[in-house]
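Novice: Below you'll find coords-v4.tsv; it's TSV, N, CA and C atoms.
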chain	number	residue	atom	x	y	z
A	1328	ASP	N	163.52	-111.24	64.52
A	1328	ASP	CA	163.26	-110.02	65.29
A	1328	ASP	C	162.24	-109.14	64.57
A	1329	GLY	N	161.69	-108.18	65.27
A	1329	GLY	CA	160.63	-107.32	64.73
A	1329	GLY	C	161.11	-106.35	63.67
A	1330	MET	N	162.42	-106.21	63.53
A	1330	MET	CA	162.98	-105.26	62.58
A	1330	MET	C	162.52	-105.56	61.15
A	1331	ASP	N	162.58	-106.83	60.75
A	1331	ASP	CA	162.21	-107.20	59.39
A	1331	ASP	C	160.76	-106.86	59.09
A	1332	MET	N	159.89	-107.05	60.04
A	1332	MET	CA	158.47	-106.77	59.86
A	1332	MET	C	158.27	-105.28	59.58
A	1333	LYS	N	158.95	-104.43	60.35
A	1333	LYS	CA	158.82	-102.99	60.17
A	1333	LYS	C	159.37	-102.57	58.80
A	1334	GLU	N	160.50	-103.13	58.42
A	1334	GLU	CA	161.10	-102.82	57.12
A	1334	GLU	C	160.16	-103.21	55.98
A	1335	ALA	N	159.52	-104.36	56.12
A	1335	ALA	CA	158.64	-104.86	55.07
A	1335	ALA	C	157.45	-103.93	54.86
A	1336	GLN	N	157.00	-103.28	55.91
A	1336	GLN	CA	155.84	-102.40	55.81
A	1336	GLN	C	156.22	-101.00	55.30
A	1337	ALA	N	157.49	-100.65	55.43
A	1337	ALA	CA	157.93	-99.33	54.98
A	1337	ALA	C	157.92	-99.29	53.46
A	1338	ALA	N	157.84	-98.09	52.94
A	1338	ALA	CA	157.86	-97.93	51.48
A	1338	ALA	C	159.19	-98.45	50.95
A	1339	PRO	N	159.18	-99.04	49.76
A	1339	PRO	CA	160.44	-99.54	49.21
A	1339	PRO	C	161.39	-98.38	48.90
A	1340	ALA	N	162.66	-98.66	48.99
A	1340	ALA	CA	163.65	-97.63	48.69
A	1340	ALA	C	163.78	-97.49	47.18
A	1341	ALA	N	164.01	-96.28	46.74
A	1341	ALA	CA	164.25	-96.01	45.33
A	1341	ALA	C	165.67	-95.47	45.21
A	1342	HIS	N	166.28	-95.66	44.05
A	1342	HIS	CA	167.65	-95.23	43.83
A	1342	HIS	C	167.68	-94.20	42.71
A	1343	ALA	N	168.55	-93.21	42.86
A	1343	ALA	CA	168.71	-92.21	41.80
A	1343	ALA	C	170.13	-91.67	41.85
A	1344	GLU	N	170.47	-90.97	40.80
A	1344	GLU	CA	171.76	-90.30	40.73
A	1344	GLU	C	171.50	-88.87	40.34
A	1345	GLY	N	172.33	-87.97	40.85
A	1345	GLY	CA	172.11	-86.58	40.52
A	1345	GLY	C	173.22	-85.68	41.01
A	1346	MET	N	172.86	-84.41	41.19
A	1346	MET	CA	173.82	-83.41	41.62
A	1346	MET	C	173.22	-82.58	42.76
A	1347	VAL	N	174.09	-82.25	43.74
A	1347	VAL	CA	173.67	-81.43	44.87
A	1347	VAL	C	173.50	-79.99	44.40
A	1348	LYS	N	172.30	-79.43	44.61
A	1348	LYS	CA	172.02	-78.05	44.22
A	1348	LYS	C	172.02	-77.09	45.41
A	1349	ALA	N	171.62	-77.60	46.58
A	1349	ALA	CA	171.59	-76.76	47.78
A	1349	ALA	C	171.62	-77.67	49.01
A	1350	ILE	N	172.21	-77.15	50.09
A	1350	ILE	CA	172.27	-77.91	51.34
A	1350	ILE	C	171.78	-77.01	52.46
A	1351	ASP	N	170.84	-77.52	53.25
A	1351	ASP	CA	170.33	-76.81	54.42
A	1351	ASP	C	170.59	-77.72	55.61
A	1352	ALA	N	171.82	-77.66	56.16
A	1352	ALA	CA	172.20	-78.55	57.25
A	1352	ALA	C	171.33	-78.30	58.48
A	1353	GLN	N	171.01	-77.03	58.75
A	1353	GLN	CA	170.19	-76.68	59.92
A	1353	GLN	C	168.79	-77.29	59.79
A	1354	GLY	N	168.24	-77.20	58.59
A	1354	GLY	CA	166.89	-77.70	58.36
A	1354	GLY	C	166.84	-79.19	58.04
A	1355	GLY	N	168.02	-79.81	57.88
A	1355	GLY	CA	168.06	-81.23	57.57
A	1355	GLY	C	167.51	-81.55	56.19
A	1356	LYS	N	167.90	-80.71	55.21
A	1356	LYS	CA	167.41	-80.90	53.85
A	1356	LYS	C	168.54	-80.75	52.84
A	1357	VAL	N	168.41	-81.48	51.75
A	1357	VAL	CA	169.33	-81.33	50.63
A	1357	VAL	C	168.48	-81.26	49.36
A	1358	THR	N	168.81	-80.32	48.48
A	1358	THR	CA	168.10	-80.20	47.21
A	1358	THR	C	168.96	-80.87	46.15
A	1359	LEU	N	168.36	-81.83	45.46
A	1359	LEU	CA	169.08	-82.59	44.46
A	1359	LEU	C	168.40	-82.49	43.10
A	1360	MET	N	169.22	-82.30	42.07
A	1360	MET	CA	168.73	-82.38	40.70
A	1360	MET	C	169.05	-83.82	40.29
A	1361	HIS	N	168.01	-84.63	40.07
A	1361	HIS	CA	168.26	-86.04	39.79
A	1361	HIS	C	167.67	-86.49	38.47
A	1362	GLY	N	168.18	-87.59	37.99
A	1362	GLY	CA	167.69	-88.18	36.75
A	1362	GLY	C	166.38	-88.90	37.01
A	1363	PRO	N	165.82	-89.52	35.98
A	1363	PRO	CA	164.55	-90.26	36.14
A	1363	PRO	C	164.67	-91.35	37.21
A	1364	VAL	N	163.58	-91.59	37.93
A	1364	VAL	CA	163.53	-92.65	38.94
A	1364	VAL	C	162.51	-93.67	38.45
A	1365	ALA	N	163.01	-94.70	37.81
A	1365	ALA	CA	162.13	-95.71	37.20
A	1365	ALA	C	161.18	-96.36	38.21
A	1366	ALA	N	161.70	-96.64	39.41
A	1366	ALA	CA	160.90	-97.32	40.42
A	1366	ALA	C	159.63	-96.55	40.78
A	1367	LEU	N	159.70	-95.22	40.69
A	1367	LEU	CA	158.55	-94.38	41.05
A	1367	LEU	C	157.88	-93.75	39.83
A	1368	LYS	N	158.40	-94.09	38.64
A	1368	LYS	CA	157.89	-93.52	37.39
A	1368	LYS	C	158.02	-91.99	37.40
A	1369	TRP	N	159.12	-91.51	37.97
A	1369	TRP	CA	159.36	-90.07	38.02
A	1369	TRP	C	160.25	-89.64	36.86
A	1370	PRO	N	159.98	-88.47	36.31
A	1370	PRO	CA	160.91	-87.90	35.32
A	1370	PRO	C	162.08	-87.26	36.08
A	1371	ALA	N	163.07	-86.80	35.36
A	1371	ALA	CA	164.17	-86.06	35.99
A	1371	ALA	C	163.59	-84.79	36.60
A	1372	MET	N	164.08	-84.38	37.75
A	1372	MET	CA	163.59	-83.15	38.39
A	1372	MET	C	164.56	-82.69	39.47
A	1373	THR	N	164.28	-81.53	40.01
A	1373	THR	CA	165.04	-81.00	41.14
A	1373	THR	C	164.06	-80.92	42.30
A	1374	MET	N	164.45	-81.51	43.43
A	1374	MET	CA	163.55	-81.52	44.59
A	1374	MET	C	164.34	-81.63	45.88
A	1375	GLY	N	163.65	-81.34	46.97
A	1375	GLY	CA	164.27	-81.41	48.29
A	1375	GLY	C	164.05	-82.77	48.94
A	1376	PHE	N	165.06	-83.21	49.69
A	1376	PHE	CA	164.98	-84.47	50.43
A	1376	PHE	C	165.37	-84.20	51.87
A	1377	LYS	N	164.72	-84.92	52.79
A	1377	LYS	CA	165.14	-84.85	54.19
A	1377	LYS	C	166.44	-85.65	54.31
A	1378	ALA	N	167.38	-85.15	55.12
A	1378	ALA	CA	168.64	-85.85	55.31
A	1378	ALA	C	169.18	-85.53	56.70
A	1379	THR	N	170.02	-86.40	57.21
A	1379	THR	CA	170.62	-86.16	58.53
A	1379	THR	C	171.88	-85.32	58.38
A	1380	ALA	N	172.30	-84.71	59.48
A	1380	ALA	CA	173.53	-83.91	59.48
A	1380	ALA	C	174.71	-84.77	59.03
A	1381	GLN	N	174.74	-86.02	59.46
A	1381	GLN	CA	175.83	-86.92	59.08
A	1381	GLN	C	175.85	-87.16	57.57
A	1382	GLN	N	174.68	-87.31	56.98
A	1382	GLN	CA	174.60	-87.53	55.53
A	1382	GLN	C	175.08	-86.29	54.76
A	1383	LEU	N	174.82	-85.12	55.34
A	1383	LEU	CA	175.12	-83.87	54.65
A	1383	LEU	C	176.55	-83.37	54.84
A	1384	GLU	N	177.21	-83.81	55.91
A	1384	GLU	CA	178.50	-83.20	56.26
A	1384	GLU	C	179.60	-83.36	55.21
A	1385	LYS	N	179.56	-84.41	54.41
A	1385	LYS	CA	180.63	-84.62	53.42
A	1385	LYS	C	180.26	-84.07	52.04
A	1386	LEU	N	179.06	-83.49	51.93
A	1386	LEU	CA	178.59	-83.02	50.62
A	1386	LEU	C	178.78	-81.53	50.45
A	1387	LYS	N	178.94	-81.12	49.18
A	1387	LYS	CA	178.93	-79.69	48.88
A	1387	LYS	C	178.17	-79.48	47.57
A	1388	VAL	N	177.69	-78.28	47.37
A	1388	VAL	CA	176.94	-77.95	46.17
A	1388	VAL	C	177.81	-78.26	44.95
A	1389	GLY	N	177.22	-78.93	43.97
A	1389	GLY	CA	177.95	-79.29	42.76
A	1389	GLY	C	178.43	-80.74	42.76
A	1390	ASP	N	178.41	-81.39	43.92
A	1390	ASP	CA	178.84	-82.80	43.99
A	1390	ASP	C	177.90	-83.69	43.20
A	1391	LYS	N	178.47	-84.64	42.47
A	1391	LYS	CA	177.66	-85.67	41.80
A	1391	LYS	C	177.48	-86.78	42.84
A	1392	VAL	N	176.24	-87.23	43.00
A	1392	VAL	CA	175.95	-88.23	44.02
A	1392	VAL	C	175.06	-89.35	43.48
A	1393	ALA	N	175.14	-90.47	44.16
A	1393	ALA	CA	174.21	-91.58	43.96
A	1393	ALA	C	173.52	-91.71	45.31
A	1394	PHE	N	172.19	-91.90	45.30
A	1394	PHE	CA	171.50	-91.94	46.58
A	1394	PHE	C	170.30	-92.88	46.55
A	1395	ASP	N	169.96	-93.32	47.74
A	1395	ASP	CA	168.77	-94.15	47.94
A	1395	ASP	C	167.86	-93.36	48.87
A	1396	PHE	N	166.57	-93.40	48.59
A	1396	PHE	CA	165.63	-92.65	49.41
A	1396	PHE	C	164.31	-93.40	49.50
A	1397	ARG	N	163.50	-92.96	50.43
A	1397	ARG	CA	162.19	-93.57	50.66
A	1397	ARG	C	161.16	-92.46	50.71
A	1398	MET	N	160.02	-92.69	50.08
A	1398	MET	CA	158.92	-91.73	50.15
A	1398	MET	C	158.09	-92.01	51.39
A	1399	ASP	N	157.77	-90.96	52.11
A	1399	ASP	CA	156.90	-91.07	53.28
A	1399	ASP	C	155.80	-90.05	53.05
A	1400	GLY	N	154.70	-90.49	52.49
A	1400	GLY	CA	153.66	-89.55	52.09
A	1400	GLY	C	154.20	-88.72	50.94
A	1401	SER	N	154.24	-87.41	51.11
A	1401	SER	CA	154.74	-86.56	50.03
A	1401	SER	C	156.18	-86.11	50.27
A	1402	SER	N	156.81	-86.59	51.36
A	1402	SER	CA	158.19	-86.19	51.59
A	1402	SER	C	159.14	-87.34	51.33
A	1403	ALA	N	160.30	-86.99	50.80
A	1403	ALA	CA	161.31	-88.00	50.47
A	1403	ALA	C	162.44	-87.90	51.49
A	1404	THR	N	162.88	-89.04	52.00
A	1404	THR	CA	163.93	-89.08	53.00
A	1404	THR	C	165.12	-89.88	52.46
A	1405	ILE	N	166.30	-89.29	52.53
A	1405	ILE	CA	167.52	-89.98	52.10
A	1405	ILE	C	167.83	-91.12	53.07
A	1406	ILE	N	168.10	-92.30	52.52
A	1406	ILE	CA	168.53	-93.43	53.34
A	1406	ILE	C	170.06	-93.48	53.29
A	1407	ASP	N	170.58	-93.31	52.08
A	1407	ASP	CA	172.03	-93.40	51.89
A	1407	ASP	C	172.39	-92.48	50.72
A	1408	ILE	N	173.48	-91.74	50.88
A	1408	ILE	CA	173.93	-90.86	49.80
A	1408	ILE	C	175.45	-90.91	49.77
A	1409	ARG	N	176.00	-91.01	48.56
A	1409	ARG	CA	177.45	-91.06	48.44
A	1409	ARG	C	177.90	-90.35	47.18
A	1410	LYS	N	179.08	-89.74	47.28
A	1410	LYS	CA	179.65	-89.04	46.12
A	1410	LYS	C	180.04	-90.06	45.07
A	1411	GLU	N	179.90	-89.67	43.81
A	1411	GLU	CA	180.31	-90.54	42.71
A	1411	GLU	C	181.71	-90.19	42.27
Would you give me this structure, written as structure tokens?

Specialist:
Amino acid sequence: DGMDMKEAQAAPAAHAEGMVKAIDAQGGKVTLMHGPVAALKWPAMTMGFKATAQQLEKLKVGDKVAFDFRMDGSSATIIDIRKE
């Protein structure tokens, strides 16, 4: 099916672990303080990620999380996020 082709062209997913610093459910954003992301050669930092209401509903500020995300240009979108 065409799904695999589309996935192959999308940016690869990167994985990180961190802590929830802020949640903007209305705006569909979560701010995470995360450790280094080797796949992207990123140092540890705090940044905002796009997320769905479903992804955000079980989270609260201060939660330790593990998450997978994809870069789309200069914006990062959460694919999967779970409490540790």

Novice: Please provide the set of residues having any atom within 5 Å of A:Phe1376, restricted to all atoms listed in the file, with same-chain residues fewer than 3 positions apart removed, written as a count of residues only.

Specialist: 4

Novice: Quick check, in Å to one decimal: how far apart do atom N of A:Gly1345 and atom C of A:His1361 lie?

Specialist: 5.4 Å

Novice: Which residue is closest to A:Lys1377? Choose from A:Ile1406, A:Ala1343, A:Met1360, A:Val1392 and count all atoms listed in the file.

Specialist: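 Among the listed residues, A:Ile1406 lies closest to A:Lys1377.
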
Novice: What is the atom CA of A:Met1374-atom CA of A:Ile1350 distance in Å, reported with one decimal?

Specialist: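 Going from atom CA of A:Met1374 over to atom CA of A:Ile1350 covers 11.6 Å.
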
Novice: What does the distance from atom N of A:Thr1379 to atom N of A:Gly1362 come to in Å, to one decimal?

Specialist: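 Taking atom N of A:Thr1379 and atom N of A:Gly1362, their separation equals 19.3 Å.
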
Novice: Taking the chain letters and numbering used in this document, name the residues of chain A that DSSP puts in strand (DSSP E or B), as number ranges by chain.

Specialist: A: 1341-1351, 1356-1361, 1364, 1369, 1372-1377, 1391-1399, 1402-1410

Novice: Axis-aligned box over every listed atom of stretch 1369-1387 of chain A, padded by 5 Å per side: centre and edges in Å to one decimal, as JSON?

Specialist:
{"center_x": 169.9, "center_y": -85.5, "center_z": 47.4, "size_x": 31.5, "size_y": 22.0, "size_z": 34.2}

Novice: So which residues of chain A fall under alpha helix (DSSP H) by DSSP, listed as a list of chain:residue names?

Specialist: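 The residues of chain A classed as alpha helix (DSSP H) are A:Gly1329, A:Met1330, A:Asp1331, A:Met1332, A:Lys1333, A:Glu1334, A:Ala1335, A:Gln1336, A:Ala1380, A:Gln1381, A:Gln1382, A:Leu1383.
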
Novice: Could you turn the residues from that selection into a file that holds N, CA and C atoms, as a PDB file, in the frame of the given file?

Specialist:
ATOM      1  N   GLY A1329     161.690-108.180  65.270  1.00  0.00           N
ATOM      2  CA  GLY A1329     160.630-107.320  64.730  1.00  0.00           C
ATOM      3  C   GLY A1329     161.110-106.350  63.670  1.00  0.00           C
ATOM      4  N   MET A1330     162.420-106.210  63.530  1.00  0.00           N
ATOM      5  CA  MET A1330     162.980-105.260  62.580  1.00  0.00           C
ATOM      6  C   MET A1330     162.520-105.560  61.150  1.00  0.00           C
ATOM      7  N   ASP A1331     162.580-106.830  60.750  1.00  0.00           N
ATOM      8  CA  ASP A1331     162.210-107.200  59.390  1.00  0.00           C
ATOM      9  C   ASP A1331     160.760-106.860  59.090  1.00  0.00           C
ATOM     10  N   MET A1332     159.890-107.050  60.040  1.00  0.00           N
ATOM     11  CA  MET A1332     158.470-106.770  59.860  1.00  0.00           C
ATOM     12  C   MET A1332     158.270-105.280  59.580  1.00  0.00           C
ATOM     13  N   LYS A1333     158.950-104.430  60.350  1.00  0.00           N
ATOM     14  CA  LYS A1333     158.820-102.990  60.170  1.00  0.00           C
ATOM     15  C   LYS A1333     159.370-102.570  58.800  1.00  0.00           C
ATOM     16  N   GLU A1334     160.500-103.130  58.420  1.00  0.00           N
ATOM     17  CA  GLU A1334     161.100-102.820  57.120  1.00  0.00           C
ATOM     18  C   GLU A1334     160.160-103.210  55.980  1.00  0.00           C
ATOM     19  N   ALA A1335     159.520-104.360  56.120  1.00  0.00           N
ATOM     20  CA  ALA A1335     158.640-104.860  55.070  1.00  0.00           C
ATOM     21  C   ALA A1335     157.450-103.930  54.860  1.00  0.00           C
ATOM     22  N   GLN A1336     157.000-103.280  55.910  1.00  0.00           N
ATOM     23  CA  GLN A1336     155.840-102.400  55.810  1.00  0.00           C
ATOM     24  C   GLN A1336     156.220-101.000  55.300  1.00  0.00           C
ATOM     25  N   ALA A1380     172.300 -84.710  59.480  1.00  0.00           N
ATOM     26  CA  ALA A1380     173.530 -83.910  59.480  1.00  0.00           C
ATOM     27  C   ALA A1380     174.710 -84.770  59.030  1.00  0.00           C
ATOM     28  N   GLN A1381     174.740 -86.020  59.460  1.00  0.00           N
ATOM     29  CA  GLN A1381     175.830 -86.920  59.080  1.00  0.00           C
ATOM     30  C   GLN A1381     175.850 -87.160  57.570  1.00  0.00           C
ATOM     31  N   GLN A1382     174.680 -87.310  56.980  1.00  0.00           N
ATOM     32  CA  GLN A1382     174.600 -87.530  55.530  1.00  0.00           C
ATOM     33  C   GLN A1382     175.080 -86.290  54.760  1.00  0.00           C
ATOM     34  N   LEU A1383     174.820 -85.120  55.340  1.00  0.00           N
ATOM     35  CA  LEU A1383     175.120 -83.870  54.650  1.00  0.00           C
ATOM     36  C   LEU A1383     176.550 -83.370  54.840  1.00  0.00           C
TER      37      LEU A1383
END

Novice: Residues at most 6 Å from A:Asp1407, counting all atoms listed in the file, excluding those fewer than 6 positions away in the same chain, as a PyMOL selection string?

Specialist: chain A and resi 1393-1396

Novice: Could the residues in this selection be saved with N, CA and C atoms as an mmCIF file, in the coordinates of the input?

Specialist:
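After the write, part-v4.cif holds the following:
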data_model
loop_
_atom_site.group_PDB
_atom_site.id
_atom_site.type_symbol
_atom_site.label_atom_id
_atom_site.label_comp_id
_atom_site.auth_asym_id
_atom_site.auth_seq_id
_atom_site.Cartn_x
_atom_site.Cartn_y
_atom_site.Cartn_z
ATOM 1 N N ALA A 1393 175.140 -90.470 44.160
ATOM 2 C CA ALA A 1393 174.210 -91.580 43.960
ATOM 3 C C ALA A 1393 173.520 -91.710 45.310
ATOM 4 N N PHE A 1394 172.190 -91.900 45.300
ATOM 5 C CA PHE A 1394 171.500 -91.940 46.580
ATOM 6 C C PHE A 1394 170.300 -92.880 46.550
ATOM 7 N N ASP A 1395 169.960 -93.320 47.740
ATOM 8 C CA ASP A 1395 168.770 -94.150 47.940
ATOM 9 C C ASP A 1395 167.860 -93.360 48.870
ATOM 10 N N PHE A 1396 166.570 -93.400 48.590
ATOM 11 C CA PHE A 1396 165.630 -92.650 49.410
ATOM 12 C C PHE A 1396 164.310 -93.400 49.500
#

Novice: Of the candidates A:Ser1402, A:Ile1408, A:Pro1363, A:Trp1369, which shows the shortest atom-to-atom distance to A:Gln1382, using all atoms listed in the file?

Specialist: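 When distances to A:Gln1382 are compared using all atoms listed in the file, the smallest one comes from A:Ile1408.
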
Novice: Counting all atoms listed in the file, figure out which residue out of A:Leu1386, A:Met1346, A:Ala1380, A:Ala1340 gets nearest to A:Leu1367.

Specialist: A:Ala1340

Novice: Please determine, counting only N, CA and C atoms, which residue among A:Arg1397, A:Glu1411, A:Leu1359, A:Leu1383 has the shortest atom-to-atom distance to A:His1342.

Specialist: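 Smallest separation from A:His1342 among the options: A:Arg1397.
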